[in-house]
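S.K.: My structure is in query06.cif, and what it holds is mmCIF, C-alpha atoms and all ligand atoms:
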data_data
#
loop_
_atom_site.label_atom_id
_atom_site.label_comp_id
_atom_site.auth_asym_id
_atom_site.auth_seq_id
_atom_site.Cartn_x
_atom_site.Cartn_y
_atom_site.Cartn_z
CA MET A 1 103.72 124.80 56.45
CA THR A 2 105.22 121.90 58.39
CA GLU A 3 102.19 119.63 58.39
CA ASP A 4 103.91 116.86 56.43
CA TRP A 5 106.79 116.61 58.89
CA LYS A 6 106.95 113.41 60.92
CA THR A 7 106.71 113.50 64.72
CA ARG A 8 110.46 113.30 65.43
CA THR A 9 111.12 116.27 63.16
CA LYS A 10 108.31 118.28 64.73
CA LEU A 11 109.58 117.42 68.22
CA VAL A 12 112.81 119.35 67.63
CA HIS A 13 111.73 122.05 65.16
CA GLU A 14 108.01 122.80 65.36
CA GLY A 15 106.82 126.06 66.82
CA ILE A 16 110.22 127.69 67.20
CA ARG A 17 110.14 131.50 67.41
CA ARG A 18 113.44 133.24 66.88
CA SER A 19 114.27 136.72 68.07
CA GLN A 20 116.27 139.28 66.05
CA TYR A 21 119.45 137.46 67.20
CA GLY A 22 118.57 134.28 65.33
CA GLU A 23 119.48 132.07 68.31
CA MET A 24 119.75 128.35 67.54
CA ALA A 25 118.14 127.05 70.75
CA GLU A 26 114.68 127.93 71.98
CA ALA A 27 115.02 131.21 73.89
CA LEU A 28 113.85 131.53 77.46
CA PHE A 29 111.80 134.73 77.70
CA LEU A 30 111.80 134.95 81.48
CA THR A 31 109.54 137.96 81.64
CA GLN A 32 106.08 138.42 83.11
CA GLY A 33 105.30 141.50 81.05
CA PHE A 34 105.90 143.24 77.73
CA VAL A 35 106.59 146.91 76.92
CA TYR A 36 104.16 148.65 74.60
CA PRO A 37 105.57 151.37 72.33
CA SER A 38 102.58 153.62 73.14
CA ALA A 39 99.39 153.82 75.19
CA GLU A 40 97.43 153.37 71.98
CA VAL A 41 99.24 150.07 71.27
CA ALA A 42 98.55 148.87 74.83
CA GLU A 43 94.86 149.70 74.43
CA ALA A 44 94.68 147.90 71.08
CA ARG A 45 96.44 144.80 72.41
CA PHE A 46 93.94 144.39 75.25
CA ILE A 47 91.16 144.41 72.67
CA SER A 48 92.81 141.85 70.41
CA SER A 49 96.42 140.65 70.17
CA GLY A 50 98.23 139.20 67.17
CA PRO A 51 100.31 136.01 67.16
CA ASP A 52 103.52 137.74 68.28
CA GLU A 53 101.86 140.14 70.70
CA PHE A 54 101.80 139.27 74.39
CA ILE A 55 100.34 141.01 77.44
CA TYR A 56 101.26 139.15 80.61
CA ALA A 57 102.80 135.72 81.26
CA ARG A 58 99.62 134.45 82.92
CA TYR A 59 97.94 135.02 79.52
CA GLY A 60 100.83 133.88 77.33
CA ASN A 61 104.57 134.25 76.71
CA PRO A 62 106.78 133.56 73.66
CA THR A 63 108.52 130.55 75.28
CA THR A 64 105.24 129.12 76.55
CA ARG A 65 103.67 129.63 73.11
CA MET A 66 106.50 127.67 71.47
CA PHE A 67 105.68 124.75 73.77
CA GLU A 68 101.94 125.06 73.01
CA ASP A 69 102.51 125.21 69.25
CA ARG A 70 104.84 122.20 69.31
CA MET A 71 102.38 120.19 71.41
CA SER A 72 99.39 120.89 69.16
CA ALA A 73 101.48 120.05 66.09
CA ILE A 74 102.48 116.63 67.42
CA GLU A 75 99.03 115.78 68.84
CA GLY A 76 97.21 116.96 65.72
CA THR A 77 94.88 119.45 67.40
CA GLU A 78 94.18 123.02 66.36
CA ASP A 79 95.50 124.59 69.55
CA ALA A 80 96.92 124.06 73.04
CA PHE A 81 97.17 125.92 76.34
CA ALA A 82 100.05 125.23 78.74
CA THR A 83 99.25 124.97 82.46
CA ALA A 84 101.19 125.04 85.72
CA SER A 85 100.70 121.31 86.30
CA GLY A 86 98.77 118.34 85.01
CA MET A 87 96.14 118.97 87.65
CA ALA A 88 95.76 122.62 86.58
CA ALA A 89 95.03 121.20 83.11
CA VAL A 90 92.44 118.71 84.43
CA ASN A 91 90.79 121.31 86.64
CA GLY A 92 90.84 123.95 83.88
CA ALA A 93 89.36 121.67 81.24
CA LEU A 94 86.53 120.40 83.46
CA MET A 95 85.73 123.80 85.00
CA SER A 96 85.42 125.42 81.59
CA LEU A 97 83.05 122.72 80.29
CA VAL A 98 80.42 122.34 83.02
CA LYS A 99 78.13 124.39 85.24
CA SER A 100 75.75 123.51 88.07
CA GLY A 101 73.11 121.02 86.91
CA ASP A 102 75.35 119.43 84.29
CA HIS A 103 76.39 115.79 84.39
CA ILE A 104 79.85 114.20 84.04
CA VAL A 105 80.46 110.51 83.39
CA ALA A 106 83.93 109.43 84.52
CA ALA A 107 85.88 106.22 84.86
CA ARG A 108 86.22 105.21 88.52
CA GLN A 109 89.78 103.94 88.12
CA MET A 110 91.70 107.20 88.09
CA PHE A 111 94.53 109.12 89.70
CA GLY A 112 93.50 110.25 93.21
CA SER A 113 93.75 113.99 92.40
CA CYS A 114 91.48 113.59 89.33
CA LEU A 115 88.88 111.95 91.59
CA HIS A 116 89.27 114.86 94.01
CA VAL A 117 88.49 117.44 91.28
CA LEU A 118 85.31 115.49 90.50
CA LYS A 119 84.44 115.50 94.21
CA VAL A 120 84.83 119.30 94.32
CA LEU A 121 82.64 119.73 91.22
CA GLY A 122 80.01 117.68 93.04
CA GLN A 123 80.00 120.26 95.83
CA PHE A 124 79.00 122.90 93.24
CA GLY A 125 76.00 121.05 91.88
CA VAL A 126 77.63 119.07 89.09
CA GLU A 127 76.34 115.52 89.02
CA VAL A 128 79.11 112.92 88.64
CA THR A 129 78.58 109.27 87.72
CA LEU A 130 81.60 106.99 88.18
CA ILE A 131 81.58 103.87 86.04
CA ASP A 132 83.76 100.88 85.29
CA GLY A 133 85.21 102.58 82.21
CA ALA A 134 86.97 99.48 80.93
CA GLN A 135 83.58 98.02 79.89
CA PRO A 136 82.93 99.98 76.66
CA GLU A 137 79.13 99.58 76.83
CA ASN A 138 79.01 101.33 80.24
CA TRP A 139 79.62 104.73 78.61
CA ALA A 140 76.51 104.51 76.44
CA GLN A 141 74.48 103.35 79.45
CA ALA A 142 75.62 106.21 81.68
CA VAL A 143 75.17 109.25 79.41
CA LYS A 144 72.02 111.38 79.78
CA PRO A 145 70.60 114.45 78.05
CA ASN A 146 72.44 116.74 80.52
CA THR A 147 75.80 114.94 80.20
CA LYS A 148 78.40 117.48 79.12
CA VAL A 149 81.63 115.51 79.64
CA CYS A 150 82.92 111.95 79.51
CA PHE A 151 86.25 111.95 81.35
CA PHE A 152 88.84 109.20 81.78
CA GLU A 153 92.50 108.28 81.68
CA SER A 154 93.17 106.41 78.42
CA VAL A 155 95.42 104.12 80.46
CA SER A 156 94.45 104.26 84.12
CA ASN A 157 96.68 105.10 87.06
CA PRO A 158 97.79 102.75 88.55
CA GLY A 159 95.90 99.66 87.33
CA LEU A 160 96.77 100.10 83.62
CA GLU A 161 93.23 99.54 82.39
CA VAL A 162 92.92 100.69 78.80
CA ILE A 163 89.75 102.65 78.04
CA ASP A 164 88.19 102.45 74.59
CA ILE A 165 88.30 106.09 73.41
CA GLU A 166 86.17 105.35 70.35
CA ALA A 167 83.38 103.75 72.42
CA ALA A 168 83.37 106.60 74.96
CA ALA A 169 83.37 109.17 72.14
CA LYS A 170 80.43 107.53 70.40
CA ALA A 171 78.41 107.58 73.64
CA ALA A 172 79.41 111.16 74.50
CA HIS A 173 78.71 112.54 71.04
CA SER A 174 75.26 110.89 70.95
CA VAL A 175 74.16 113.38 73.63
CA GLY A 176 76.37 116.29 72.52
CA ALA A 177 78.93 115.80 75.31
CA LYS A 178 82.70 116.29 75.00
CA VAL A 179 85.28 113.56 75.53
CA VAL A 180 88.11 114.66 77.83
CA VAL A 181 91.04 112.25 77.83
CA ASP A 182 93.82 112.37 80.40
CA ASN A 183 96.55 110.86 78.25
CA ALA A 184 99.44 111.00 80.73
CA PHE A 185 100.27 107.29 80.64
CA ALA A 186 100.03 106.95 76.84
CA SER A 187 102.26 110.02 76.29
CA PRO A 188 102.00 111.96 73.01
CA ILE A 189 104.11 109.26 71.32
CA PHE A 190 101.51 106.52 71.72
CA SER A 191 98.48 108.79 71.30
CA ARG A 192 95.93 108.35 68.53
CA ALA A 193 93.30 110.11 70.63
CA VAL A 194 92.26 112.69 68.02
CA SER A 195 91.57 110.14 65.30
CA LEU A 196 89.63 108.00 67.82
CA GLY A 197 87.24 110.87 68.60
CA ALA A 198 88.65 112.62 71.68
CA ASP A 199 87.68 116.30 71.83
CA ILE A 200 90.03 117.49 74.54
CA ILE A 201 93.34 115.87 75.45
CA ILE A 202 95.31 116.54 78.61
CA TYR A 203 98.90 115.76 79.53
CA SER A 204 100.76 116.11 82.76
CA ALA A 205 103.97 117.44 81.17
CA THR A 206 105.66 116.64 84.49
CA LYS A 207 105.81 113.03 83.32
CA HIS A 208 107.19 111.89 79.93
CA ILE A 209 107.37 115.36 78.37
CA ASP A 210 109.88 116.69 80.89
CA GLY A 211 111.32 113.21 81.17
CA GLY A 212 113.89 114.28 83.74
CA GLY A 213 111.66 114.77 86.76
CA ARG A 214 112.55 118.47 86.99
CA ALA A 215 109.49 120.68 86.48
CA LEU A 216 105.73 120.59 86.93
CA GLY A 217 103.60 121.35 83.93
CA GLY A 218 100.52 120.42 81.97
CA VAL A 219 98.77 121.11 78.71
CA VAL A 220 95.20 121.09 77.38
CA LEU A 221 94.74 120.40 73.65
CA GLY A 222 91.64 120.87 71.52
CA THR A 223 89.93 123.06 68.97
CA HIS A 224 90.98 126.69 68.60
CA GLU A 225 87.44 127.71 69.61
CA PHE A 226 87.61 125.83 72.93
CA ILE A 227 91.27 126.49 73.82
CA ARG A 228 91.33 130.24 73.08
CA GLY A 229 87.72 130.57 74.26
CA PRO A 230 86.46 129.10 77.57
CA LEU A 231 89.66 127.23 78.51
CA GLU A 232 92.08 130.13 78.16
CA THR A 233 89.62 132.53 79.75
CA TYR A 234 89.24 130.30 82.82
CA VAL A 235 92.91 129.37 83.25
CA LYS A 236 94.36 132.83 82.63
CA HIS A 237 92.04 134.48 85.13
CA THR A 238 92.42 131.82 87.82
CA GLY A 239 96.21 131.60 87.76
CA GLY A 240 96.91 128.17 86.31
CA ALA A 241 99.28 129.22 83.49
CA MET A 242 102.66 127.55 82.94
CA SER A 243 105.83 129.39 83.93
CA PRO A 244 108.03 130.36 80.93
CA PHE A 245 110.96 128.68 82.67
CA HIS A 246 109.04 125.40 82.85
CA ALA A 247 107.94 125.78 79.21
CA TRP A 248 111.62 126.09 78.27
CA ILE A 249 112.43 122.89 80.21
CA MET A 250 109.51 121.11 78.51
CA LEU A 251 110.66 122.24 75.05
CA ASN A 252 114.03 120.65 75.76
CA GLY A 253 112.29 117.51 76.96
CA LEU A 254 110.17 117.25 73.81
CA GLY A 255 113.25 117.02 71.58
CA THR A 256 114.10 113.56 72.93
CA LEU A 257 110.56 112.42 73.76
CA ASP A 258 110.19 109.89 70.96
CA LEU A 259 113.61 108.32 71.61
CA ARG A 260 113.03 108.08 75.35
CA VAL A 261 109.45 106.81 75.32
CA ARG A 262 110.18 104.07 72.79
CA ALA A 263 113.24 102.93 74.78
CA GLN A 264 111.18 103.00 78.00
CA ALA A 265 108.38 100.95 76.42
CA ALA A 266 110.87 98.37 75.13
CA ASN A 267 112.31 98.07 78.66
CA ALA A 268 108.82 97.79 80.18
CA GLU A 269 107.95 94.98 77.80
CA ALA A 270 111.22 93.14 78.49
CA VAL A 271 110.78 93.37 82.27
CA ALA A 272 107.11 92.37 82.04
CA LYS A 273 108.04 89.27 80.02
CA ALA A 274 110.89 88.40 82.40
CA THR A 275 108.54 88.46 85.42
CA LEU A 276 105.65 86.61 83.82
CA GLY A 277 104.65 83.59 85.94
CA HIS A 278 107.19 84.36 88.70
CA PRO A 279 106.26 82.35 91.84
CA LYS A 280 106.20 85.48 94.07
CA LEU A 281 103.74 87.26 91.77
CA ALA A 282 99.96 87.00 91.64
CA ARG A 283 100.04 88.98 88.38
CA THR A 284 102.21 90.96 86.00
CA ILE A 285 100.06 93.73 84.53
CA TYR A 286 101.27 95.20 81.24
CA PRO A 287 99.00 96.20 78.32
CA GLY A 288 101.65 94.94 75.87
CA LEU A 289 101.28 91.36 77.15
CA GLU A 290 98.73 89.12 75.44
CA ASP A 291 97.13 88.15 78.77
CA HIS A 292 96.16 91.78 79.53
CA PRO A 293 92.34 92.11 79.32
CA GLN A 294 92.59 95.04 76.87
CA HIS A 295 95.71 93.92 74.99
CA ALA A 296 94.09 94.15 71.56
CA LEU A 297 92.64 97.57 72.36
CA ALA A 298 96.04 98.82 73.60
CA MET A 299 97.65 97.76 70.34
CA LYS A 300 94.91 99.43 68.27
CA GLN A 301 94.83 102.59 70.35
CA MET A 302 98.54 103.07 71.16
CA GLY A 303 100.44 100.63 68.97
CA ALA A 304 102.44 99.69 72.07
CA GLY A 305 102.09 98.60 75.68
CA GLY A 306 103.41 101.83 77.18
CA THR A 307 106.16 102.64 79.65
CA LEU A 308 104.51 101.42 82.87
CA LEU A 309 103.87 98.01 84.34
CA CYS A 310 102.49 96.75 87.62
CA LEU A 311 103.62 93.77 89.65
CA ASP A 312 101.15 92.32 92.15
CA LEU A 313 103.10 90.51 94.87
CA LYS A 314 101.41 87.56 96.56
CA GLY A 315 102.77 88.52 99.99
CA GLY A 316 100.81 91.82 100.21
CA LYS A 317 102.23 95.02 101.66
CA GLU A 318 105.13 93.30 103.45
CA ALA A 319 106.35 91.61 100.27
CA ALA A 320 105.83 94.81 98.26
CA PHE A 321 107.94 96.81 100.73
CA GLY A 322 110.64 94.11 100.75
CA PHE A 323 110.71 94.20 96.96
CA LEU A 324 110.90 98.01 96.80
CA ASP A 325 113.64 98.17 99.44
CA ALA A 326 115.76 95.54 97.67
CA MET A 327 115.94 97.30 94.30
CA LYS A 328 119.14 99.20 93.52
CA VAL A 329 118.67 100.59 89.99
CA ILE A 330 114.98 101.43 90.36
CA SER A 331 114.24 104.26 92.82
CA ILE A 332 111.27 104.48 95.18
CA SER A 333 109.43 107.62 94.11
CA ASN A 334 106.01 108.52 92.80
CA ASN A 335 106.75 110.35 89.55
CA LEU A 336 106.50 108.50 86.25
CA GLY A 337 107.73 108.91 82.70
CA ASP A 338 111.21 109.80 83.95
CA ALA A 339 114.37 108.62 82.18
CA LYS A 340 115.21 106.99 85.54
CA SER A 341 113.17 103.94 86.52
CA ILE A 342 110.81 104.55 89.42
CA ALA A 343 108.64 102.26 91.54
CA THR A 344 105.81 103.15 93.88
CA HIS A 345 103.35 101.41 96.21
CA PRO A 346 99.95 102.98 95.34
CA THR A 347 98.13 101.69 98.47
CA THR A 348 100.36 103.69 100.83
CA THR A 349 101.19 106.68 98.57
CA THR A 350 99.29 107.92 95.49
CA HIS A 351 96.01 106.20 96.39
CA LYS A 352 96.23 106.24 100.20
CA ASN A 353 93.25 108.59 100.53
CA LEU A 354 90.84 105.99 99.17
CA THR A 355 89.11 103.55 101.52
CA ASP A 356 90.04 99.85 101.45
CA GLU A 357 86.76 99.16 99.63
CA GLU A 358 87.40 101.85 97.01
CA ARG A 359 90.90 100.50 96.38
CA ALA A 360 89.65 96.91 96.12
CA LEU A 361 86.99 98.00 93.60
CA ILE A 362 89.61 99.43 91.25
CA GLY A 363 92.11 96.61 91.66
CA ILE A 364 94.66 98.30 93.93
CA THR A 365 95.74 95.40 96.12
CA PRO A 366 98.19 95.76 99.05
CA GLY A 367 100.80 93.83 97.02
CA LEU A 368 100.60 96.08 93.96
CA VAL A 369 103.76 97.91 92.86
CA ARG A 370 103.69 100.33 89.91
CA ILE A 371 106.91 100.63 87.94
CA SER A 372 107.65 103.42 85.46
CA MET A 373 110.44 102.11 83.27
CA GLY A 374 113.36 104.37 82.46
CA ILE A 375 115.96 104.26 79.73
CA GLU A 376 118.62 102.30 81.65
CA ASP A 377 120.06 99.10 80.18
CA LYS A 378 117.42 96.39 79.85
CA ASP A 379 119.59 93.67 81.40
CA ASP A 380 120.33 95.78 84.49
CA LEU A 381 116.61 96.43 84.96
CA ILE A 382 115.64 92.77 84.59
CA ALA A 383 118.40 91.74 87.04
CA ASP A 384 117.26 94.43 89.51
CA VAL A 385 113.61 93.34 89.42
CA LEU A 386 114.29 89.58 89.52
CA GLY A 387 116.88 89.99 92.29
CA ALA A 388 114.46 92.08 94.37
CA LEU A 389 111.66 89.53 93.84
CA ASP A 390 113.97 86.85 95.26
CA ALA A 391 114.69 89.08 98.26
CA ALA A 392 111.03 90.02 98.84
C1 LIG B 1 100.54 112.85 87.40
C2 LIG B 1 99.19 112.76 86.81
C3 LIG B 1 98.34 113.88 86.84
C4 LIG B 1 98.70 115.16 87.51
O1 LIG B 1 99.80 115.79 86.95
P1 LIG B 1 100.69 116.85 87.79
O2 LIG B 1 101.62 117.39 86.77
O3 LIG B 1 101.35 116.07 88.89
O4 LIG B 1 99.75 117.87 88.33
C5 LIG B 1 97.09 113.74 86.26
N1 LIG B 1 96.70 112.59 85.69
C6 LIG B 1 97.50 111.51 85.64
C7 LIG B 1 97.01 110.27 84.99
C8 LIG B 1 98.78 111.55 86.20
O5 LIG B 1 99.55 110.47 86.16
#
Just dump the structure as structure tokens.

M.R.:
Amino acid sequence: MTEDWKTRTKLVHEGIRRSQYGEMAEALFLTQGFVYPSAEVAEARFISSGPDEFIYARYGNPTTRMFEDRMSAIEGTEDAFATASGMAAVNGALMSLVKSGDHIVAARQMFGSCLHVLKVLGQFGVEVTLIDGAQPENWAQAVKPNTKVCFFESVSNPGLEVIDIEAAAKAAHSVGAKVVVDNAFASPIFSRAVSLGADIIIYSATKHIDGGGRALGGVVLGTHEFIRGPLETYVKHTGGAMSPFHAWIMLNGLGTLDLRVRAQAANAEAVAKATLGHPKLARTIYPGLEDHPQHALAMKQMGAGGTLLCLDLKGGKEAAFGFLDAMKVISISNNLGDAKSIATHPTTTTHKNLTDEERALIGITPGLVRISMGIEDKDDLIADVLGALDAA
């Protein structure tokens, strides 16, 4: 019915369910359960439930379903399942796709918790091959007859490598495997993952979708068969469902997602350009800059450079800490996608559990600072970053 709506229209209207009161805003149904008019109705609902029939909030809830319907409409997938966090989404998607003896190919440059889930799967007899995912040909070389999943972050955390979704999909599909894309850094606004061949798309809603750093959440998107089949079955029985309260926060976040993410990306590009060639920096890493190794791919795949950039300070950890401590507008914190600008030092925080060798292999140097650009005024952000570089 609303398929020809553009994203911004869908972001505020899609999926809304109104009660008999005809409320304007999305209602918060803060209820774990639902009353059945009779025992016969309860019995029938446990056999099969209709679109407006719910059983228990761990299985589904009207507010949560509004969030799921809006997400699948903007991503262009058949269905979606909302989860308690981004990691519940990653864990749920992988656990419902593989069993002992299966093989996963994954990019080695990934968020620490994603690598941990792969480590756990290894303990249960799933074979995991980590590759340099930024080299497109590596996917085709790594897949085998028992490969069930190719898994990667479309833009990696924190190094901002851009992975070629189309190349990974071609390799995966040649052996009947599914492509699982963690799209947190791209955000739904810069995602073309479905048209590039991704089968399953994951977001940490905690990031850009909330946009205010308030609530944890995640979502898995894919075909109706997968989402309402193995994925829902696994997540609903193992407790990873999203709270209705968080779904209500996420629905509010979605309304302004396009406006925020585009403003954040414009700020990221402006700050990246302002720091380019700065004497204190070994590198400015931003996929929107022409010197980024996957710049052309980023433009094809996202149409933009994204909302994050990394600055690699020549002076190592000491310079990075001096830089972080000198900033006044940009806060030191480890969330991303927030309307407030945030900077973090991956070596000592998000990626501290890796060994020095593992960090070096994926480009996390002691001087690396990851910045998630907010929606503040561009000139204030540039002044903050350049002033702090002088102080570092
Ligand atoms: C933050 C993040 C996650 C985990 O999301 P949570 O909501 O914190 O559980 C997964 N993948 C990537 C790339 C992330 O940045």

S.K.: Determine the nearest neighbour of Leu196 in chain A from the options A:Asp356, A:Asp182, A:Glu75, A:Glu166, counting only C-alpha atoms.

M.R.: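 Selected residue with least distance to Leu196 in chain A: A:Glu166.
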
S.K.: Any idea what's packed within 10 Å of Leu221 in chain A, counting all atoms listed in the file, ignoring anything in its chain fewer than 4 positions away? Could you give it as a PyMOL selection string?

M.R.: chain A and resi 68+71-72+75-82+89+93+180-181+194+199-203+226-227+231

S.K.: Kindly indicate which residue among A:Lys314, A:His292, A:Arg228, A:His116 lies nearest to ligand LIG 1 (chain B), using only C-alpha atoms and all ligand atoms for the distances.

M.R.: A:His116

S.K.: Residues within 6 Å of ligand LIG 1 (chain B) should be enumerated using all atoms listed in the file and returned as a PyMOL selection string.

M.R.: chain A and resi 85-87+111+153+157+182+184+204+206+216-218

S.K.: Could you give me, as CSV, a per-residue list for range 251-274 of chain A showing, wherever an atom lies at most 12 Å from an atom of range 2-15 of chain A, the closest pair of atoms and their distance in Å to one decimal, using only C-alpha atoms and sorting by chain then residue number from low to high?

M.R.:
residue,atom,partner,partner_atom,distance
A:Leu251,CA,A:Val12,CA,8.2
A:Asn252,CA,A:Val12,CA,8.3
A:Gly253,CA,A:Leu11,CA,9.2
A:Leu254,CA,A:Leu11,CA,5.6
A:Gly255,CA,A:Val12,CA,4.6
A:Thr256,CA,A:Leu11,CA,7.6
A:Leu257,CA,A:Leu11,CA,7.5
A:Asp258,CA,A:Arg8,CA,6.5
A:Leu259,CA,A:Arg8,CA,8.5
A:Arg260,CA,A:Arg8,CA,11.5
A:Val261,CA,A:Arg8,CA,11.9
A:Arg262,CA,A:Arg8,CA,11.8

S.K.: May I have the residues within 8 Å of Tyr59 in chain A as a ChimeraX atom specification, using only C-alpha atoms and disregarding those fewer than 4 positions away in the same chain?

M.R.: /A:54-55,232,236,241

S.K.: Which distance in Å separates CA of Glu53 in chain A and CA of Pro37 in chain A, to one decimal?

M.R.: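 Interatomic distance, CA of Glu53 in chain A to CA of Pro37 in chain A: 11.9 Å.
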
S.K.: When you look at Arg214 in chain A with a cut-off of 10 Å (counting all atoms listed in the file), what residues show up, excluding the ones that are within fewer than 5 positions of it in the same chain? I need them as a list in words.

M.R.: Thr206, Lys207, His246, Ile249, Met250 and Asp338 of chain A

S.K.: How would the residues just picked look written out with C-alpha atoms as a PDB file, in the frame of the given file?

M.R.:
ATOM      1  CA  THR A 206     105.660 116.640  84.490  1.00  0.00           C
ATOM      2  CA  LYS A 207     105.810 113.030  83.320  1.00  0.00           C
ATOM      3  CA  HIS A 246     109.040 125.400  82.850  1.00  0.00           C
ATOM      4  CA  ILE A 249     112.430 122.890  80.210  1.00  0.00           C
ATOM      5  CA  MET A 250     109.510 121.110  78.510  1.00  0.00           C
ATOM      6  CA  ASP A 338     111.210 109.800  83.950  1.00  0.00           C
TER       7      ASP A 338
END

S.K.: Which residues are near range 128-133 of chain A? Cut-off 8 Å, only C-alpha atoms, ignore same chain within fewer than 3 positions. Put them as a PyMOL selection string.

M.R.: chain A and resi 103-109+118+122+136+138-139+142+152+163

S.K.: Would you compute an axis-aligned box for range 147-150 of chain A, covering every atom listed for it in the file with 3 Å of margin on each side, and report centre and edge lengths in Å to one decimal as JSON?

M.R.:
{"center_x": 79.4, "center_y": 114.7, "center_z": 79.7, "size_x": 13.1, "size_y": 11.5, "size_z": 7.1}

S.K.: What gap, in Å, lies between CA of Gly322 in chain A and CA of Gly288 in chain A?

M.R.: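 Spanning CA of Gly322 in chain A to CA of Gly288 in chain A is a straight-line distance of 26.5 Å.
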
S.K.: Taking only C-alpha atoms into account, which of A:Val117, A:Ile47, A:Val329, A:Ile285 comes nearest Ser156 in chain A?

M.R.: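 For Ser156 in chain A, the nearest of the given residues is A:Ile285.
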
S.K.: I need every residue sitting at most 8 Å from the point (78.8, 115.2, 77.7) (coordinates as in the file, all atoms listed in the file considered), written as a list of chain:residue names.

M.R.: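 Answer for this query, in the requested form: A:His103, A:Ile104, A:Val105, A:Val143, A:Asn146, A:Thr147, A:Lys148, A:Val149, A:Cys150, A:Ala172, A:His173, A:Val175, A:Gly176, A:Ala177, A:Lys178, A:Val179.
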
S.K.: CA of Gly159 in chain A and CA of Cys310 in chain A are how many Å apart?

M.R.: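 Spanning CA of Gly159 in chain A to CA of Cys310 in chain A is a straight-line distance of 7.2 Å.
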
S.K.: For Ile364 in chain A, which residue among A:Pro62, A:Pro346, A:Gly222, A:Lys352 is the nearest when counting all atoms listed in the file?

M.R.: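 Ranking A:Pro62, A:Pro346, A:Gly222, A:Lys352 by distance to Ile364 in chain A, first place goes to A:Pro346.
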
S.K.: Could range 197-201 of chain A be completed with all heavy atoms and returned as a short mmCIF file (atom, residue, chain, number, x, y, z; two decimals), keeping the file's coordinate frame?

M.R.:
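And here's part-v6.cif as it stands now:
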data_model
loop_
_atom_site.label_atom_id
_atom_site.label_comp_id
_atom_site.auth_asym_id
_atom_site.auth_seq_id
_atom_site.Cartn_x
_atom_site.Cartn_y
_atom_site.Cartn_z
N GLY A 197 88.44 110.10 68.24
CA GLY A 197 87.24 110.87 68.60
C GLY A 197 87.34 111.72 69.85
O GLY A 197 86.35 112.32 70.26
N ALA A 198 88.52 111.77 70.49
CA ALA A 198 88.65 112.62 71.68
C ALA A 198 88.53 114.09 71.29
O ALA A 198 89.04 114.51 70.25
CB ALA A 198 89.99 112.38 72.36
N ASP A 199 87.84 114.87 72.12
CA ASP A 199 87.68 116.30 71.83
C ASP A 199 88.76 117.11 72.52
O ASP A 199 89.24 118.10 71.96
CB ASP A 199 86.30 116.78 72.32
CG ASP A 199 85.18 116.04 71.63
OD1 ASP A 199 85.05 116.22 70.40
OD2 ASP A 199 84.46 115.28 72.29
N ILE A 200 89.08 116.74 73.74
CA ILE A 200 90.03 117.49 74.54
C ILE A 200 91.02 116.50 75.14
O ILE A 200 90.62 115.48 75.73
CB ILE A 200 89.29 118.30 75.64
CG1 ILE A 200 88.46 119.41 74.95
CG2 ILE A 200 90.27 118.90 76.64
CD1 ILE A 200 87.17 119.69 75.61
N ILE A 201 92.31 116.79 74.97
CA ILE A 201 93.34 115.87 75.45
C ILE A 201 94.23 116.62 76.43
O ILE A 201 94.59 117.78 76.21
CB ILE A 201 94.16 115.33 74.24
CG1 ILE A 201 93.21 114.56 73.32
CG2 ILE A 201 95.30 114.45 74.71
CD1 ILE A 201 93.59 114.62 71.88
#
